[in-house]
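Read through the structure below, which is laid out as structure tokens, and then see the notes.
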Number of protein chains: 2
Amino acid sequence: MVIKPGSVGIVAPQPIHFAEPLRLASGASIGDYTLMVETYGELNADRSNAVLVCHALNASHHVAGVYADQSRNVGWWDNMIGPGKPVDTSRFFVVGVNNLGSCFGSTGPMSINPATGKPYGASFPVVTVEDWVNAQARVADALGIGRWAAVMGGSLGGMQALSWTIQYPERIAHCVAIATTPKLTAQNIAFNEVARTAIRSDPDFHGGDYYAHGVVPKRGLRVARMIGHITYLSGDDMAEKFGRSMRADDYQFHYDIEFEVESYLRYQGDKFSEYFDANTYLLITRALDYFDPARATGGDLKRALSPARAKFFLASFTTDWRFSPARSREIVEALVANDRDVVYAEIDAPHGHDAFLLDDVRYHNVVRAYFDRVYGELTSGPSSLASPRAEQKRGTDVAERVA
Amino acid sequence: MVIKPGSVGIVAPQPIHFAEPLRLASGASIGDYTLMVETYGELNADRSNAVLVCHALNASHHVAGVYADQSRNVGWWDNMIGPGKPVDTSRFFVVGVNNLGSCFGSTGPMSINPATGKPYGASFPVVTVEDWVNAQARVADALGIGRWAAVMGGSLGGMQALSWTIQYPERIAHCVAIATTPKLTAQNIAFNEVARTAIRSDPDFHGGDYYAHGVVPKRGLRVARMIGHITYLSGDDMAEKFGRSMRADDYQFHYDIEFEVESYLRYQGDKFSEYFDANTYLLITRALDYFDPARATGGDLKRALSPARAKFFLASFTTDWRFSPARSREIVEALVANDRDVVYAEIDAPHGHDAFLLDDVRYHNVVRAYFDRVYGELTSGPSSLASPRAEQKRGTDVAERVA
């Protein structure tokens with residue numbers, strides 16, 4: 001297997017088992033659960049260089065690198081994390097964790113409920129972003145990490161990073177929240193609800209207990225994913241990628257694939273329905289709907305964020321119509337009103353919401369510069385951002401080292 | 001029954017039967033078909049005051065007024081059309097027609113195929129906007145209308161009005177095309193394809209031949225309508241109408257209705273799935289996908305519109321993200337390049353694509369002024385727009401007459 005320069009290389013997930021029940025926001029508890037974790041880089045002697053990476057809807061603990069037996073299964077944020085990359089694993093100890101209720105090895109609806117000996121299915125409790133953060137805090141405890149150098153994430157992952165600053169203000173030095181929002185809009189919730197309706201109304205869903213029937217509501221999952229996918233891309237990006245390109249030279253006058261964009265969406269939907277769990281889709285979209293830290297403060301986001309002690313990096317993308325730059329600016333304004341230390345980058349990128357996952361040099365450069373600052377504070381106490389010249393120098397050094 | 005002032009009153013649809021087969025763009029023909037029609041007002045002696053109103057996805061020939069036995073079944077553009085309304089039925093003879101392939105009495109997939117004695121179902125031919133216009137031309141022939149004073153429509157209806165100017169340049173004096181586009185974008189097609197996938201993957205669809213099974217793919221139709229509905233409203237409008245308003249005071253931690261926007265979408269989806277035909281949904285969304293008059297001229301919209309001899313009124317709405325003002329401007333620019341007479345109004349309205357159906361005073365005033373001009377040309381030959389003062393005077397007169 002050829003490992004690309006800049007990759008963390010071959011990685012292996014590890015399960016962490018938790019025997020003590022976790023009390024959830026709903027009032028329910030989940031006992032005896034497992035979270036899948038991956039780590040990259042080395043935890044330093046004073047355990048101060050740990051970075052937690054939180055995932056969004058369909059991702060997992062597999063953030064970077066590849067598996068020994070699956071060389072094409074590259075981590076979902078591999079372009080961001082690795083030796084010499086913006087989040088430099090020669091400096092940081094990076095932790096990816098698959099959230100409770102997801103379907104990549106952590107305890108979720110597909111798991112066997114020890115109380116019944118059957119899959120949880122519909123009985124798996126609804127969880128929230130805050131619940132995930134509580135579960136992640138236990139992961140930190142298990143790894144001996146008292147305080148994260150940074151917690152970072154995009155989209156729903158950014159919500160978790162934000163929540164860390166409210167729930168555990170002393171345990172997070174830097175919050176890196178990208179392409180996120182302080183709460184979903186009615187339109188965001190509407191798209192989630194259509195996706196859930198597609199899943200729920202698939203006859204193979206069986207009220208969420210499809211495991212017992214040996215079926216999977218693939219048709220519903222496919223539609224859900226297709227809807228989601230439209231909202232991840234910008235209209236311009238779709239126009240650029242597909243436009244009205246057709247399969248044939250002329251109209252065929254049928255309902256099968258005519259346009260390339262139809263083919264693309266069907267492919268994305270089919271692929272997704274092969275590996276993702278439908279109950280997890282419901283659960284994670286519901287966690288998105290529920291996220292609204294200012295709900296506890298009568299809608300006052302400034303007050304909701306007042307416990308935060310972290311420093312903040314936020315970024316948004318101009319063509320993101322799912323969580324637009326205006327939503328990030330709401331957070332920035334609330335933080336500034338609290339006299340918090342905030343760096344905000346609004347990146348002119350054509351790729352819509354998906355831009356946070358893509359390799360864009362301007363985007364990666366600002367994240368890199370911010371993590372230089374995070375690292376600088378680790379090694380010499382709080383300092384200002386490295387000068388562009390120093391930055392350039394370091395980049396060159398790293399390139400040489402990796403080569 | 002109380003008829004509201006300004007209503008055309010009680011109306012009755014009438015079927016028009018066509019024995020001669022209609023050759024379609026696909027090469028197929030449809031023989032022995034019926035179109036449902038409604039008319040309001042009186043055709044004048046020289047048959048010059050007829051206005052054709054073309055419908056969009058889910059509407060019909062029932063444009064204005066009410067039915068004697070269904071007092072709440074008000075025509076879909078009743079706020080626009082009636083005595084004293086922007087399209088004044090005391091001046092114009094207005095014709096609504098249910099398009100071929102629709103499901104409100106005109107021949108479509110639900111109809112019995114005389115060749116087989118069974119419903120057409122999946123065998124109903126794919127039709128295009130151009131096919132509809134050809135069918136509407138036969139309606140004009142049947143009604144003795146040589147030339148429309150105006151053909152008007154919003155969204156897909158606007159596409160038909162545009163197509164009239166290309167297909168029958170001598171038979172249309174004014175084209176009134178609102179909230180429309182010269183062709184769908186990749187994102188527009190993508191939303192249609194997700195809706196179609198939801199319908200197709202409903203087990204009750206049976207490949208389009210569900211009539212024989214005594215079932216209706218309601219689950220798929222419901223999801224299709226929910227998706228569509230999100231695209232008809234602006235994000236701001238949804239925020240204004242629903243925001244994050246909830247059913248209960250606090251989160252219930254379930255997947256049933258939590259937010260009012262979920263309730264609204266489910267209601268819209270349920271209602272739609274009770275009356276709309278799934279095959280018609282496929283057929284009409286495909287007609288939308290296919291519409292692209294500039295396809296015949298290598299993408300040159302100016303050249304595509306060069307046969308047009310009509311005068312044009314176009315309007316768009318600032319918050320319409322389905323067919324944005326930029327799309328209307330493409331048409332305006334192509335018409336101006338052809339030295340055509342164009343009035344274009346870009347209306348600052350919060351209601352997204354649906355704005356074309358709503359009662360907005362600025363919008364209705366510009367349509368009213370334009371139809372004053374259309375009427376002026378009927379009575380005294382081509383003239384410029386009535387002055388605002390004359391306009392105001394006329395409005396008052398009409399109000400008095402109606403009261």
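Residue numbers start at 1 in each chain; chains themselves are named A, B, ... in the order of the structure tokens; ligands are numbered from 1 in the order shown.
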
Can you build me a table of chain A residues sitting at most 8 Å from chain B, with the closest atom pair per residue and its distance in Å to one decimal, using only C-alpha atoms, sorted by chain and residue number, as a tab-separated table?
residue	atom	partner	partner_atom	distance
A:Ser26	CA	B:Phe253	CA	6.0
A:Val126	CA	B:Phe253	CA	5.7
A:Val127	CA	B:Phe253	CA	8.0
A:Thr185	CA	B:Gly243	CA	6.4
A:Ala186	CA	B:Gly243	CA	5.1
A:Gln187	CA	B:Gly235	CA	5.7
A:Ile189	CA	B:Val261	CA	7.5
A:Ala190	CA	B:Glu262	CA	6.3
A:Phe191	CA	B:Ile227	CA	7.5
A:Glu193	CA	B:Glu262	CA	6.3
A:Val194	CA	B:Val223	CA	6.2
A:Thr197	CA	B:Val223	CA	6.8
A:Ala198	CA	B:Val223	CA	6.2
A:Ser201	CA	B:Arg219	CA	6.1
A:Asp202	CA	B:Asp202	CA	7.3
A:Pro203	CA	B:Pro203	CA	7.9
A:Arg219	CA	B:Ser201	CA	6.1
A:Gly220	CA	B:Ala198	CA	7.7
A:Val223	CA	B:Ala198	CA	6.2
A:Met226	CA	B:Val194	CA	6.3
A:Ile227	CA	B:Val194	CA	6.6
A:Ile230	CA	B:Gln187	CA	7.0
A:Gly235	CA	B:Gln187	CA	5.7
A:Met238	CA	B:Ala186	CA	5.8
A:Ala239	CA	B:Ala186	CA	5.4
A:Phe242	CA	B:Ala186	CA	6.3
A:Gly243	CA	B:Ala186	CA	5.0
A:Arg244	CA	B:Ala186	CA	6.0
A:Tyr251	CA	B:Tyr290	CA	7.8
A:Gln252	CA	B:Ser26	CA	7.6
A:Phe253	CA	B:Val126	CA	5.7
A:His254	CA	B:Val126	CA	6.6
A:Tyr255	CA	B:Arg286	CA	7.3
A:Val261	CA	B:Ala186	CA	6.3
A:Glu262	CA	B:Glu193	CA	6.3
A:Leu265	CA	B:Ala190	CA	7.4
A:Leu282	CA	B:Tyr255	CA	7.4
A:Arg286	CA	B:Tyr255	CA	7.3
A:Tyr290	CA	B:Tyr251	CA	7.8

Chain fit, chain B moved to chain A over all Cα pairs in order, as a short mmCIF file (atom, residue, chain, number, x, y, z; two decimals) with C-alpha atoms, in the first residue's frame:
data_model
loop_
_atom_site.label_atom_id
_atom_site.label_comp_id
_atom_site.auth_asym_id
_atom_site.auth_seq_id
_atom_site.Cartn_x
_atom_site.Cartn_y
_atom_site.Cartn_z
CA MET B 1 -0.06 0.00 -0.04
CA VAL B 2 1.24 3.45 -1.02
CA ILE B 3 0.63 6.04 1.68
CA LYS B 4 0.42 9.54 0.28
CA PRO B 5 2.76 12.19 1.69
CA GLY B 6 0.92 14.13 4.37
CA SER B 7 -1.26 11.18 5.33
CA VAL B 8 -1.31 9.96 8.91
CA GLY B 9 -0.91 6.56 7.28
CA ILE B 10 -2.56 3.35 8.37
CA VAL B 11 -4.90 3.82 11.28
CA ALA B 12 -7.09 1.56 13.37
CA PRO B 13 -10.25 2.43 15.26
CA GLN B 14 -10.54 1.47 18.89
CA PRO B 15 -13.69 0.97 20.92
CA ILE B 16 -14.00 2.63 24.30
CA HIS B 17 -16.52 1.02 26.57
CA PHE B 18 -18.49 2.97 29.17
CA ALA B 19 -20.18 1.04 31.90
CA GLU B 20 -21.73 3.99 33.73
CA PRO B 21 -25.07 5.07 32.22
CA LEU B 22 -25.17 8.42 30.46
CA ARG B 23 -28.10 10.61 31.38
CA LEU B 24 -29.55 12.28 28.27
CA ALA B 25 -31.29 15.62 27.74
CA SER B 26 -34.56 13.78 27.16
CA GLY B 27 -34.42 12.33 30.67
CA ALA B 28 -33.66 8.86 29.33
CA SER B 29 -30.37 7.13 30.06
CA ILE B 30 -28.19 4.94 27.95
CA GLY B 31 -26.22 2.35 29.87
CA ASP B 32 -23.31 0.16 28.90
CA TYR B 33 -22.34 1.80 25.65
CA THR B 34 -19.34 1.88 23.35
CA LEU B 35 -17.87 4.72 21.31
CA MET B 36 -15.49 4.15 18.42
CA VAL B 37 -12.44 6.36 18.44
CA GLU B 38 -9.43 7.00 16.23
CA THR B 39 -6.35 9.00 17.22
CA TYR B 40 -3.51 10.44 15.18
CA GLY B 41 -0.22 11.91 16.37
CA GLU B 42 1.15 11.72 19.90
CA LEU B 43 -0.24 13.10 23.11
CA ASN B 44 2.53 15.27 24.58
CA ALA B 45 3.90 14.90 28.10
CA ASP B 46 1.60 17.48 29.69
CA ARG B 47 -1.39 16.20 27.71
CA SER B 48 -2.07 19.66 26.34
CA ASN B 49 -1.97 19.09 22.57
CA ALA B 50 -5.17 17.14 22.03
CA VAL B 51 -7.63 18.20 19.32
CA LEU B 52 -11.11 16.70 19.17
CA VAL B 53 -12.71 16.51 15.72
CA CYS B 54 -16.52 16.26 15.76
CA HIS B 55 -18.38 14.79 12.81
CA ALA B 56 -21.50 15.87 10.96
CA LEU B 57 -24.42 13.83 9.70
CA ASN B 58 -22.92 10.95 7.77
CA ALA B 59 -19.31 10.85 8.95
CA SER B 60 -17.56 9.01 11.76
CA HIS B 61 -14.47 8.64 13.92
CA HIS B 62 -12.51 7.83 10.75
CA VAL B 63 -11.24 11.36 10.21
CA ALA B 64 -7.85 10.77 8.59
CA GLY B 65 -5.61 8.06 7.17
CA VAL B 66 -6.60 4.71 5.72
CA TYR B 67 -7.28 1.23 7.05
CA ALA B 68 -4.76 -1.52 6.42
CA ASP B 69 -7.32 -3.66 4.63
CA GLN B 70 -9.19 -0.77 2.94
CA SER B 71 -6.70 1.47 1.21
CA ARG B 72 -9.45 3.51 -0.44
CA ASN B 73 -11.32 4.18 2.77
CA VAL B 74 -9.70 7.55 3.43
CA GLY B 75 -10.79 9.54 6.49
CA TRP B 76 -13.42 12.20 5.79
CA TRP B 77 -11.20 15.15 6.71
CA ASP B 78 -7.91 13.70 5.53
CA ASN B 79 -7.12 16.85 3.53
CA MET B 80 -7.21 18.86 6.77
CA ILE B 81 -5.48 16.55 9.21
CA GLY B 82 -2.07 14.93 8.91
CA PRO B 83 1.64 15.68 9.18
CA GLY B 84 2.21 19.12 7.69
CA LYS B 85 -1.51 19.65 7.06
CA PRO B 86 -3.49 22.56 8.54
CA VAL B 87 -4.11 20.49 11.66
CA ASP B 88 -0.61 19.12 11.88
CA THR B 89 -0.44 15.69 13.51
CA SER B 90 3.28 16.16 14.13
CA ARG B 91 2.17 18.81 16.60
CA PHE B 92 -1.26 17.71 17.74
CA PHE B 93 -2.82 14.58 19.10
CA VAL B 94 -6.04 14.40 17.09
CA VAL B 95 -9.06 12.42 18.26
CA GLY B 96 -12.02 11.41 16.12
CA VAL B 97 -15.06 9.93 17.83
CA ASN B 98 -18.16 8.35 16.37
CA ASN B 99 -21.10 9.85 18.20
CA LEU B 100 -23.63 7.98 20.26
CA GLY B 101 -26.51 6.90 18.03
CA SER B 102 -24.42 6.80 14.86
CA CYS B 103 -23.88 3.63 12.88
CA PHE B 104 -20.13 3.11 12.54
CA GLY B 105 -19.42 0.99 15.55
CA SER B 106 -20.59 3.24 18.36
CA THR B 107 -23.70 2.22 20.24
CA GLY B 108 -26.77 3.21 18.26
CA PRO B 109 -30.16 1.96 17.05
CA MET B 110 -28.53 -1.03 15.28
CA SER B 111 -26.84 -2.16 18.50
CA ILE B 112 -28.19 -4.86 20.73
CA ASN B 113 -30.01 -3.49 23.75
CA PRO B 114 -28.60 -5.54 26.64
CA ALA B 115 -31.93 -5.24 28.43
CA THR B 116 -33.81 -7.04 25.63
CA GLY B 117 -31.19 -8.91 23.64
CA LYS B 118 -32.58 -7.27 20.48
CA PRO B 119 -31.52 -4.24 18.45
CA TYR B 120 -32.64 -0.95 19.98
CA GLY B 121 -34.38 0.12 16.76
CA ALA B 122 -37.12 2.63 17.45
CA SER B 123 -36.47 2.40 21.20
CA PHE B 124 -33.05 4.03 20.96
CA PRO B 125 -33.36 7.33 22.79
CA VAL B 126 -33.33 10.66 20.97
CA VAL B 127 -30.00 12.36 21.63
CA THR B 128 -28.89 15.96 21.37
CA VAL B 129 -25.71 17.82 20.56
CA GLU B 130 -25.34 18.42 24.28
CA ASP B 131 -25.59 14.69 24.95
CA TRP B 132 -22.84 14.05 22.44
CA VAL B 133 -20.63 16.60 24.11
CA ASN B 134 -21.20 14.93 27.46
CA ALA B 135 -20.26 11.60 25.92
CA GLN B 136 -17.16 13.17 24.34
CA ALA B 137 -16.15 14.54 27.75
CA ARG B 138 -16.06 10.98 28.99
CA VAL B 139 -13.89 10.05 26.03
CA ALA B 140 -11.54 12.83 27.08
CA ASP B 141 -11.51 11.41 30.62
CA ALA B 142 -10.77 7.93 29.27
CA LEU B 143 -7.86 9.28 27.22
CA GLY B 144 -6.56 11.34 30.13
CA ILE B 145 -7.23 14.66 28.45
CA GLY B 146 -8.26 17.35 30.90
CA ARG B 147 -8.52 20.15 28.42
CA TRP B 148 -8.64 20.12 24.62
CA ALA B 149 -6.19 22.38 22.82
CA ALA B 150 -9.07 22.67 20.35
CA VAL B 151 -12.42 21.15 19.57
CA MET B 152 -13.24 21.49 15.89
CA GLY B 153 -15.96 20.56 13.46
CA GLY B 154 -17.95 21.65 10.44
CA SER B 155 -21.74 21.94 10.18
CA LEU B 156 -23.20 19.73 12.93
CA GLY B 157 -19.61 19.18 14.06
CA GLY B 158 -19.30 22.94 14.57
CA MET B 159 -22.39 22.86 16.78
CA GLN B 160 -20.63 20.34 19.02
CA ALA B 161 -17.51 22.52 19.17
CA LEU B 162 -19.71 25.49 20.18
CA SER B 163 -21.52 23.44 22.79
CA TRP B 164 -18.23 22.42 24.35
CA THR B 165 -17.53 26.07 25.13
CA ILE B 166 -20.84 26.36 26.99
CA GLN B 167 -20.94 22.95 28.70
CA TYR B 168 -17.26 22.59 29.58
CA PRO B 169 -15.75 26.08 29.39
CA GLU B 170 -12.64 25.05 31.31
CA ARG B 171 -11.96 22.02 29.16
CA ILE B 172 -11.59 23.69 25.76
CA ALA B 173 -8.91 26.24 24.84
CA HIS B 174 -9.99 26.87 21.24
CA CYS B 175 -13.28 26.33 19.47
CA VAL B 176 -12.99 25.87 15.69
CA ALA B 177 -16.52 25.95 14.26
CA ILE B 178 -16.88 25.92 10.49
CA ALA B 179 -19.96 26.34 8.27
CA THR B 180 -22.24 26.13 11.23
CA THR B 181 -25.24 27.93 12.70
CA PRO B 182 -26.59 28.78 16.15
CA LYS B 183 -29.85 26.99 15.24
CA LEU B 184 -31.68 25.63 12.23
CA THR B 185 -34.13 27.78 10.29
CA ALA B 186 -37.64 26.66 9.42
CA GLN B 187 -36.35 25.80 5.94
CA ASN B 188 -33.52 23.69 7.40
CA ILE B 189 -36.01 21.82 9.59
CA ALA B 190 -38.33 21.43 6.61
CA PHE B 191 -35.67 19.68 4.54
CA ASN B 192 -34.91 17.38 7.48
CA GLU B 193 -38.58 16.58 7.91
CA VAL B 194 -39.02 15.68 4.24
CA ALA B 195 -36.03 13.35 4.50
CA ARG B 196 -37.46 11.76 7.63
CA THR B 197 -40.87 11.41 5.99
CA ALA B 198 -39.25 9.60 3.07
CA ILE B 199 -37.64 7.14 5.50
CA ARG B 200 -40.67 6.74 7.75
CA SER B 201 -43.01 6.10 4.84
CA ASP B 202 -40.84 3.38 3.32
CA PRO B 203 -42.78 0.16 4.04
CA ASP B 204 -39.47 -1.48 4.94
CA PHE B 205 -39.05 0.94 7.85
CA HIS B 206 -41.49 -0.98 10.07
CA GLY B 207 -41.71 1.87 12.55
CA GLY B 208 -37.93 1.75 13.03
CA ASP B 209 -37.78 -1.95 13.89
CA TYR B 210 -36.75 -3.14 10.43
CA TYR B 211 -33.77 -5.13 11.75
CA ALA B 212 -36.12 -7.80 13.03
CA HIS B 213 -37.66 -8.04 9.55
CA GLY B 214 -34.33 -8.51 7.83
CA VAL B 215 -34.90 -5.48 5.61
CA VAL B 216 -33.56 -1.96 5.31
CA PRO B 217 -35.63 1.07 4.21
CA LYS B 218 -33.25 1.77 1.36
CA ARG B 219 -35.78 3.56 -0.81
CA GLY B 220 -36.47 6.11 1.89
CA LEU B 221 -32.80 6.51 2.73
CA ARG B 222 -32.01 7.09 -0.92
CA VAL B 223 -34.55 9.89 -1.22
CA ALA B 224 -33.37 11.38 2.08
CA ARG B 225 -29.79 11.47 0.88
CA MET B 226 -30.75 12.94 -2.50
CA ILE B 227 -32.57 15.80 -0.76
CA GLY B 228 -29.66 16.37 1.58
CA HIS B 229 -27.19 16.36 -1.26
CA ILE B 230 -28.98 19.17 -3.08
CA THR B 231 -28.67 21.32 0.03
CA TYR B 232 -24.96 20.58 0.42
CA LEU B 233 -24.08 21.97 -3.01
CA SER B 234 -24.58 25.50 -4.25
CA GLY B 235 -26.82 26.09 -7.23
CA ASP B 236 -23.88 27.56 -9.10
CA ASP B 237 -21.73 24.59 -8.27
CA MET B 238 -24.38 22.21 -9.61
CA ALA B 239 -24.66 24.37 -12.72
CA GLU B 240 -20.90 24.25 -13.17
CA LYS B 241 -20.61 20.50 -12.53
CA PHE B 242 -23.66 19.29 -14.41
CA GLY B 243 -25.59 22.11 -16.02
CA ARG B 244 -28.10 20.48 -18.35
CA SER B 245 -25.61 17.88 -19.62
CA MET B 246 -27.40 14.83 -20.87
CA ARG B 247 -26.66 11.14 -21.17
CA ALA B 248 -27.78 10.97 -24.79
CA ASP B 249 -27.49 13.49 -27.60
CA ASP B 250 -31.19 14.09 -27.64
CA TYR B 251 -34.18 13.80 -25.32
CA GLN B 252 -35.32 10.21 -24.91
CA PHE B 253 -38.77 11.13 -23.59
CA HIS B 254 -38.80 8.83 -20.60
CA TYR B 255 -38.46 9.07 -16.83
CA ASP B 256 -35.16 7.25 -16.65
CA ILE B 257 -31.89 9.18 -16.51
CA GLU B 258 -31.78 11.98 -19.07
CA PHE B 259 -29.58 14.50 -17.29
CA GLU B 260 -26.21 13.90 -15.68
CA VAL B 261 -27.41 15.53 -12.47
CA GLU B 262 -30.07 12.81 -12.18
CA SER B 263 -27.43 10.15 -12.56
CA TYR B 264 -25.23 11.79 -9.94
CA LEU B 265 -28.04 12.08 -7.40
CA ARG B 266 -29.21 8.52 -7.92
CA TYR B 267 -25.65 7.29 -7.50
CA GLN B 268 -25.19 9.28 -4.29
CA GLY B 269 -28.51 8.03 -2.96
CA ASP B 270 -27.80 4.40 -3.83
CA LYS B 271 -24.33 4.46 -2.32
CA PHE B 272 -25.55 6.05 0.90
CA SER B 273 -28.43 3.64 1.31
CA GLU B 274 -25.95 0.76 1.23
CA TYR B 275 -24.05 1.81 4.34
CA PHE B 276 -26.06 4.23 6.44
CA ASP B 277 -28.61 3.31 9.06
CA ALA B 278 -32.07 4.82 8.66
CA ASN B 279 -32.70 5.22 12.39
CA THR B 280 -29.41 7.04 12.71
CA TYR B 281 -30.54 9.39 9.95
CA LEU B 282 -33.65 10.24 11.93
CA LEU B 283 -31.67 10.61 15.14
CA ILE B 284 -28.99 12.90 13.74
CA THR B 285 -31.38 15.13 11.80
CA ARG B 286 -33.40 15.49 14.99
CA ALA B 287 -30.28 16.49 16.92
CA LEU B 288 -29.75 19.14 14.25
CA ASP B 289 -33.34 20.39 14.64
CA TYR B 290 -33.04 20.57 18.41
CA PHE B 291 -29.73 22.42 18.55
CA ASP B 292 -30.49 25.91 19.84
CA PRO B 293 -28.30 26.93 22.78
CA ALA B 294 -30.10 30.27 23.06
CA ARG B 295 -33.35 28.47 23.78
CA ALA B 296 -32.28 28.30 27.44
CA THR B 297 -31.75 32.08 27.53
CA GLY B 298 -34.96 33.25 25.90
CA GLY B 299 -33.34 33.49 22.48
CA ASP B 300 -30.39 35.57 23.70
CA LEU B 301 -27.35 34.03 22.03
CA LYS B 302 -24.97 36.40 23.77
CA ARG B 303 -26.20 35.21 27.13
CA ALA B 304 -26.16 31.58 25.99
CA LEU B 305 -22.50 31.91 25.07
CA SER B 306 -21.54 33.90 28.15
CA PRO B 307 -20.09 30.87 30.01
CA ALA B 308 -17.60 30.34 27.17
CA ARG B 309 -13.93 30.94 28.01
CA ALA B 310 -12.40 29.52 24.84
CA LYS B 311 -10.94 31.46 21.95
CA PHE B 312 -12.85 31.06 18.72
CA PHE B 313 -12.19 30.48 15.06
CA LEU B 314 -15.24 30.56 12.80
CA ALA B 315 -15.39 30.21 9.05
CA SER B 316 -18.23 30.25 6.55
CA PHE B 317 -18.52 29.97 2.78
CA THR B 318 -20.20 32.54 0.57
CA THR B 319 -22.26 30.05 -1.47
CA ASP B 320 -23.40 27.95 1.50
CA TRP B 321 -27.18 28.34 1.47
CA ARG B 322 -27.73 25.65 4.09
CA PHE B 323 -25.85 27.49 6.85
CA SER B 324 -25.07 30.80 5.23
CA PRO B 325 -22.36 33.23 6.34
CA ALA B 326 -25.08 35.29 8.04
CA ARG B 327 -25.58 32.44 10.51
CA SER B 328 -21.89 32.34 11.41
CA ARG B 329 -21.95 36.11 11.82
CA GLU B 330 -24.73 35.77 14.41
CA ILE B 331 -22.36 33.65 16.47
CA VAL B 332 -19.44 36.02 15.91
CA GLU B 333 -21.53 39.00 17.01
CA ALA B 334 -22.68 37.23 20.17
CA LEU B 335 -19.08 36.31 20.99
CA VAL B 336 -17.79 39.81 20.34
CA ALA B 337 -20.56 41.17 22.56
CA ASN B 338 -19.18 38.86 25.25
CA ASP B 339 -15.66 40.22 24.67
CA ARG B 340 -14.47 36.84 23.51
CA ASP B 341 -11.43 36.45 21.27
CA VAL B 342 -12.76 35.61 17.78
CA VAL B 343 -11.18 35.08 14.38
CA TYR B 344 -13.76 34.90 11.60
CA ALA B 345 -13.12 34.06 7.95
CA GLU B 346 -15.79 34.33 5.28
CA ILE B 347 -14.43 32.38 2.38
CA ASP B 348 -15.43 33.09 -1.20
CA ALA B 349 -15.89 29.51 -2.39
CA PRO B 350 -18.22 28.10 -5.02
CA HIS B 351 -18.97 24.74 -3.41
CA GLY B 352 -21.80 25.53 -1.02
CA HIS B 353 -22.04 23.80 2.34
CA ASP B 354 -19.74 20.98 1.21
CA ALA B 355 -16.90 23.51 0.95
CA PHE B 356 -15.91 22.78 4.54
CA LEU B 357 -14.83 19.30 3.47
CA LEU B 358 -12.97 20.37 0.36
CA ASP B 359 -9.36 21.23 -0.28
CA ASP B 360 -9.44 24.99 -0.80
CA VAL B 361 -6.12 26.75 -0.41
CA ARG B 362 -7.48 29.98 1.12
CA TYR B 363 -9.65 28.07 3.54
CA HIS B 364 -6.89 25.70 4.55
CA ASN B 365 -4.43 28.56 4.91
CA VAL B 366 -6.57 30.36 7.48
CA VAL B 367 -7.17 27.16 9.43
CA ARG B 368 -3.43 26.44 9.28
CA ALA B 369 -2.60 29.92 10.56
CA TYR B 370 -5.09 29.52 13.38
CA PHE B 371 -3.65 26.18 14.45
CA ASP B 372 -0.18 27.73 14.34
CA ARG B 373 -1.48 30.08 16.97
CA VAL B 374 -3.00 27.24 18.96
CA TYR B 375 0.34 25.48 18.82
CA GLY B 376 2.20 28.67 19.67
CA GLU B 377 0.16 28.98 22.85
CA LEU B 378 1.02 25.41 23.77
CA THR B 379 4.74 25.92 23.40
CA SER B 380 5.18 29.48 24.63
CA GLY B 381 1.94 30.58 26.18
CA PRO B 382 -0.66 32.78 24.46
CA SER B 383 0.72 34.69 21.45
CA SER B 384 -0.57 36.45 18.39
CA LEU B 385 -0.89 34.77 15.02
CA ALA B 386 2.36 33.88 13.30
CA SER B 387 3.39 36.36 10.63
CA PRO B 388 2.69 35.34 7.02
CA ARG B 389 6.44 35.03 6.45
CA ALA B 390 6.96 32.68 9.37
CA GLU B 391 3.92 30.77 8.16
CA GLN B 392 5.37 30.34 4.70
CA LYS B 393 8.68 29.21 6.17
CA ARG B 394 7.04 26.61 8.34
CA GLY B 395 4.99 25.28 5.43
CA THR B 396 8.18 24.75 3.46
CA ASP B 397 9.89 23.02 6.34
CA VAL B 398 7.02 20.65 6.71
CA ALA B 399 6.92 19.90 3.01
CA GLU B 400 10.57 19.01 3.13
CA ARG B 401 10.17 16.80 6.15
CA VAL B 402 7.28 14.90 4.63
CA ALA B 403 8.92 14.40 1.23
#

- request: Assign secondary structure with DSSP using the backbone only, and return the residues of stretch 42-172 of chain B in strand (DSSP E or B) as an MDAnalysis selection string.
  value: chainID B and resid 50:54 66:67 70 81:82 87:88 93:97 112:113 118:119 148 150:154 172

query: Tell me, which residues of stretch 202-242 of chain B carry DSSP helix (DSSP H, G or I), written as an NGL selection string?
result: :B and (203-208 or 210-213 or 218-232 or 235-241)
